[in-house]
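A.B. asks: Next up is a structure, given as structure tokens.
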Amino acid sequence: MYGGKGARARASMAVMGAVLLLGGCSAGDGGDDAGPRIPRQPGSAGPFWVNPAGNAAEQVAAYVKAGRKDDAEQIRKIAERATGEWIGPENPEREARGFTQAAERAGRAAVLVLYNIPHRDCGQFSRGGAADGDAYRTWIDAVARGIGDRPATVVLEPDAILHLVDRCTPARLGEERYFLLKEAVTELKSLKNTKVYLDAGNAGWGHPDQIFQPLERAGVDLADGFAVNVSNFYSTRDSVAYGKRLSARVGGKHFVVDTSRNGNGPYTGGKADENWCNPPGRALGESPTTKTADPLVDAYLWVKRPGESDGTCKGGPKAGDWWPAYALGLARASG
């Protein structure tokens, strides 16, 4: 689903850049080449923090410098929206602290994505994760220390439960994985201002009856709820309908929807088992907000960062790498 050493290195650089910008060295303080001129916190950002040093902001600056003003305005549609910050494995405490400190200074909450479960992604494009259970616990401990009492919304381990249910991840790993997820939920929810949502698949995956018990084993009762459509393309309407059916099976839990790339719905022109990976003709979805169409939906989030590759498919770079052409396609298609 996501990953790559390059993406993780950029995450650390973005932490430092974001803190510097919000600390007073904002882009636009100098001459024409001073920076991307992304506001410290756009008015449309809602309650979530916009990283002024992200890939999209850098792309805006590059296009402006190259005289490609129309392209810059398209990418600005991404750069001025809050997106998830995927915490890497090497410096989890520093990254979590940097993002949440920058967000707190802006009076907003950081959206963090934790994606480091052992045996991650079944050996596919985003394979990897912590070496073992103890390494994962150490990593979660570091993330929790980094967040502290600052506001954060956490999406916990995309695909981790789903891949147990669809048997992509071997059943022998299930007991440990459920235990690690429940431990992570418990620790993160012990923090004063952290909301936690366990990933729960998408509207095109299967029926809620297949996943509600695994969600319960992973500790959804202790979490704020669950997340649907992470890194996928199903419409908000279909995602909300799926989430409501699932909510009814897990005690009325609330949920969040990833709307980052669902403006045109799912791609149906290729092989069904490949339509999730860099599909053409997709569009940005609803902007991140807590003002949603249903009381059970806590937020629309851009969990997946639009413009970053799903993997080396359809001409894309490795998972997590910024892909300017794809970003432009998403922005242009969104109107």
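Starting from 1 in every chain, residues are counted up; chains themselves are A, B, ... following the order of the structure tokens, and ligands are numbered from 1 as listed.
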Skipping near chain neighbours, those fewer than 3 positions away, what residues fall within 6 Å of region 283-289 of chain A using only C-alpha atoms, listed as a list in words?
C.D. replies: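 My reading of the contact set: Gly46, Thr259, Ser260, Arg261, Asn262, Gly263, Asn264, Ala299, Tyr300, Leu301, Leu330, Ala333 and Ser334 of chain A.
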A.B. asks: Mind listing the helix (DSSP H, G or I) residues of region 77-197 of chain A, per DSSP on the backbone, as a PyMOL selection string?
C.D. replies: chain A and resi 77-79+92-105+121-123+133-147+162-165+171-189
A.B. asks: Which residue is closest to Arg145 (chain A)? Choose from A:Leu181, A:Leu164, A:Leu191, A:Ala325 and count only C-alpha atoms.
C.D. replies: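 So, comparing all the options, the nearest one is A:Leu191.
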A.B. asks: Point out the residue among A:Glu80, A:Asp221, A:Glu58, A:Asp121 with the least atom-to-atom distance to Thr186 (chain A), counting only C-alpha atoms.
C.D. replies: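 With only C-alpha atoms as the atom set, the closest residue is A:Asp221.
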A.B. asks: Near Pro214 (chain A), counting only C-alpha atoms, which residues have an atom at most 9 Å away, once you skip same-chain residues fewer than 4 positions from it, shown as an MDAnalysis selection string?
C.D. replies: chainID A and resid 161:162 164:165 178 210 218:219
A.B. asks: Tell me which protein, DNA and RNA residues are within 12 Å of Thr290 (chain A), counting only C-alpha atoms, leaving out same-chain ones fewer than 4 positions away, and put them as an MDAnalysis selection string.
C.D. replies: chainID A and resid 45:48 109 153 255:257 286 294:302
A.B. asks: Suppose we keep N, CA and C atoms; can you now write the selection as a short mmCIF file (atom, residue, chain, number, x, y, z; two decimals), in the first residue's frame?
C.D. replies:
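Saved as part08.cif:
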```cif
data_model
loop_
_atom_site.label_atom_id
_atom_site.label_comp_id
_atom_site.auth_asym_id
_atom_site.auth_seq_id
_atom_site.Cartn_x
_atom_site.Cartn_y
_atom_site.Cartn_z
N ALA A 45 -8.26 24.58 5.54
CA ALA A 45 -7.68 23.37 6.10
C ALA A 45 -8.55 22.72 7.16
N GLY A 46 -9.51 23.45 7.70
CA GLY A 46 -10.35 22.88 8.75
C GLY A 46 -9.55 22.61 10.00
N PRO A 47 -9.89 21.55 10.72
CA PRO A 47 -9.22 21.31 12.02
C PRO A 47 -7.89 20.59 11.90
N PHE A 48 -7.49 20.21 10.69
CA PHE A 48 -6.28 19.40 10.52
C PHE A 48 -5.12 20.23 9.97
N ALA A 109 -4.84 19.75 14.59
CA ALA A 109 -4.44 18.39 14.94
C ALA A 109 -3.68 17.77 13.78
N THR A 153 -4.80 12.70 15.26
CA THR A 153 -5.73 11.70 14.77
C THR A 153 -4.90 10.62 14.09
N PHE A 255 -16.57 6.29 12.45
CA PHE A 255 -15.50 5.97 11.50
C PHE A 255 -15.10 7.21 10.72
N VAL A 256 -13.97 7.10 10.03
CA VAL A 256 -13.47 8.15 9.13
C VAL A 256 -13.34 7.55 7.74
N VAL A 257 -13.40 8.42 6.71
CA VAL A 257 -13.34 7.98 5.33
C VAL A 257 -12.18 8.69 4.64
N GLU A 286 -13.53 14.87 -1.58
CA GLU A 286 -13.87 15.95 -0.66
C GLU A 286 -12.67 16.34 0.20
N ASP A 294 -22.87 12.56 7.78
CA ASP A 294 -23.50 11.57 8.66
C ASP A 294 -22.92 11.68 10.06
N PRO A 295 -23.74 11.58 11.10
CA PRO A 295 -23.22 11.70 12.47
C PRO A 295 -22.27 10.59 12.87
N LEU A 296 -22.30 9.46 12.16
CA LEU A 296 -21.37 8.38 12.47
C LEU A 296 -19.99 8.61 11.86
N VAL A 297 -19.90 9.53 10.91
CA VAL A 297 -18.63 9.79 10.21
C VAL A 297 -17.93 10.96 10.91
N ASP A 298 -16.87 10.65 11.62
CA ASP A 298 -16.15 11.69 12.37
C ASP A 298 -15.41 12.65 11.45
N ALA A 299 -14.94 12.16 10.31
CA ALA A 299 -14.16 13.04 9.42
C ALA A 299 -13.99 12.41 8.05
N TYR A 300 -13.84 13.28 7.06
CA TYR A 300 -13.25 12.91 5.79
C TYR A 300 -11.77 13.28 5.90
N LEU A 301 -10.89 12.35 5.59
CA LEU A 301 -9.45 12.57 5.70
C LEU A 301 -8.78 12.26 4.37
N TRP A 302 -7.65 12.92 4.13
CA TRP A 302 -6.79 12.51 3.03
C TRP A 302 -5.67 11.68 3.65
#
```
A.B. asks: Report as a ChimeraX atom specification all protein, DNA and RNA residues lying within 12 Å of Gly316 (chain A), evaluated on only C-alpha atoms, omitting residues in the same chain fewer than 2 positions from it.
C.D. replies: /A:125,277-280,307-314,318-327
A.B. asks: Mind pulling up the distance from CA of Val60 (chain A) to CA of Ser235 (chain A)?
C.D. replies: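 About the pair CA of Ser235 (chain A) and CA of Val60 (chain A): they are 27.5 Å apart.
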A.B. asks: Please report the interatomic distance between CA of Leu114 (chain A) and CA of Val143 (chain A) in Å with one decimal.
C.D. replies: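 Answer for the CA of Leu114 (chain A) to CA of Val143 (chain A) separation: 8.8 Å.
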A.B. asks: For a quick check of understanding, using only C-alpha atoms, which of A:Asp134, A:Glu157, A:Glu175, A:Glu216 has the smallest distance to Gly251 (chain A)?
C.D. replies: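 Of A:Asp134, A:Glu157, A:Glu175, A:Glu216, the one nearest Gly251 (chain A) is A:Glu216, counting only C-alpha atoms.
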A.B. asks: Nearest to Gly88 (chain A): which of A:Leu180, A:Val228, A:Lys253, A:Tyr115 is it, counting only C-alpha atoms?
C.D. replies: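 Selected residue with least distance to Gly88 (chain A): A:Tyr115.
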A.B. asks: Might you pull out every residue within 9 Å of Arg249 (chain A), with only C-alpha atoms counted and same-chain residues fewer than 4 positions away left off, and present them as a PyMOL selection string?
C.D. replies: chain A and resi 208-209+212-213+244-245+253
A.B. asks: So that I can see what lies close to region 92-101 of chain A, please list as a list in words the residues with an atom at most 7 Å from it, counting only C-alpha atoms and leaving out residues fewer than 3 positions away in the same chain.
C.D. replies: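 Everything that qualifies: Ser12, Val15, Val19, Ile87, Gly88, Pro89, Glu104, Arg105, Ala110, Trp139, Ala142, Val143, Arg145, Gly146, Ile147, Arg150, Pro151 and Ala152 of chain A.
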A.B. asks: Write down as a ChimeraX atom specification the residues belonging to region 62-252 of chain A that are assigned strand (DSSP E or B) by DSSP computed on the backbone.
C.D. replies: /A:85-87,109-114,120,128,152-156,194-199,225-228
A.B. asks: Please determine, counting only C-alpha atoms, which residue among A:Asn193, A:Thr83, A:Thr169, A:Asn275 has the shortest atom-to-atom distance to Asp258 (chain A).
C.D. replies: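 Answer, going by the shortest atom-to-atom distance: A:Thr83.
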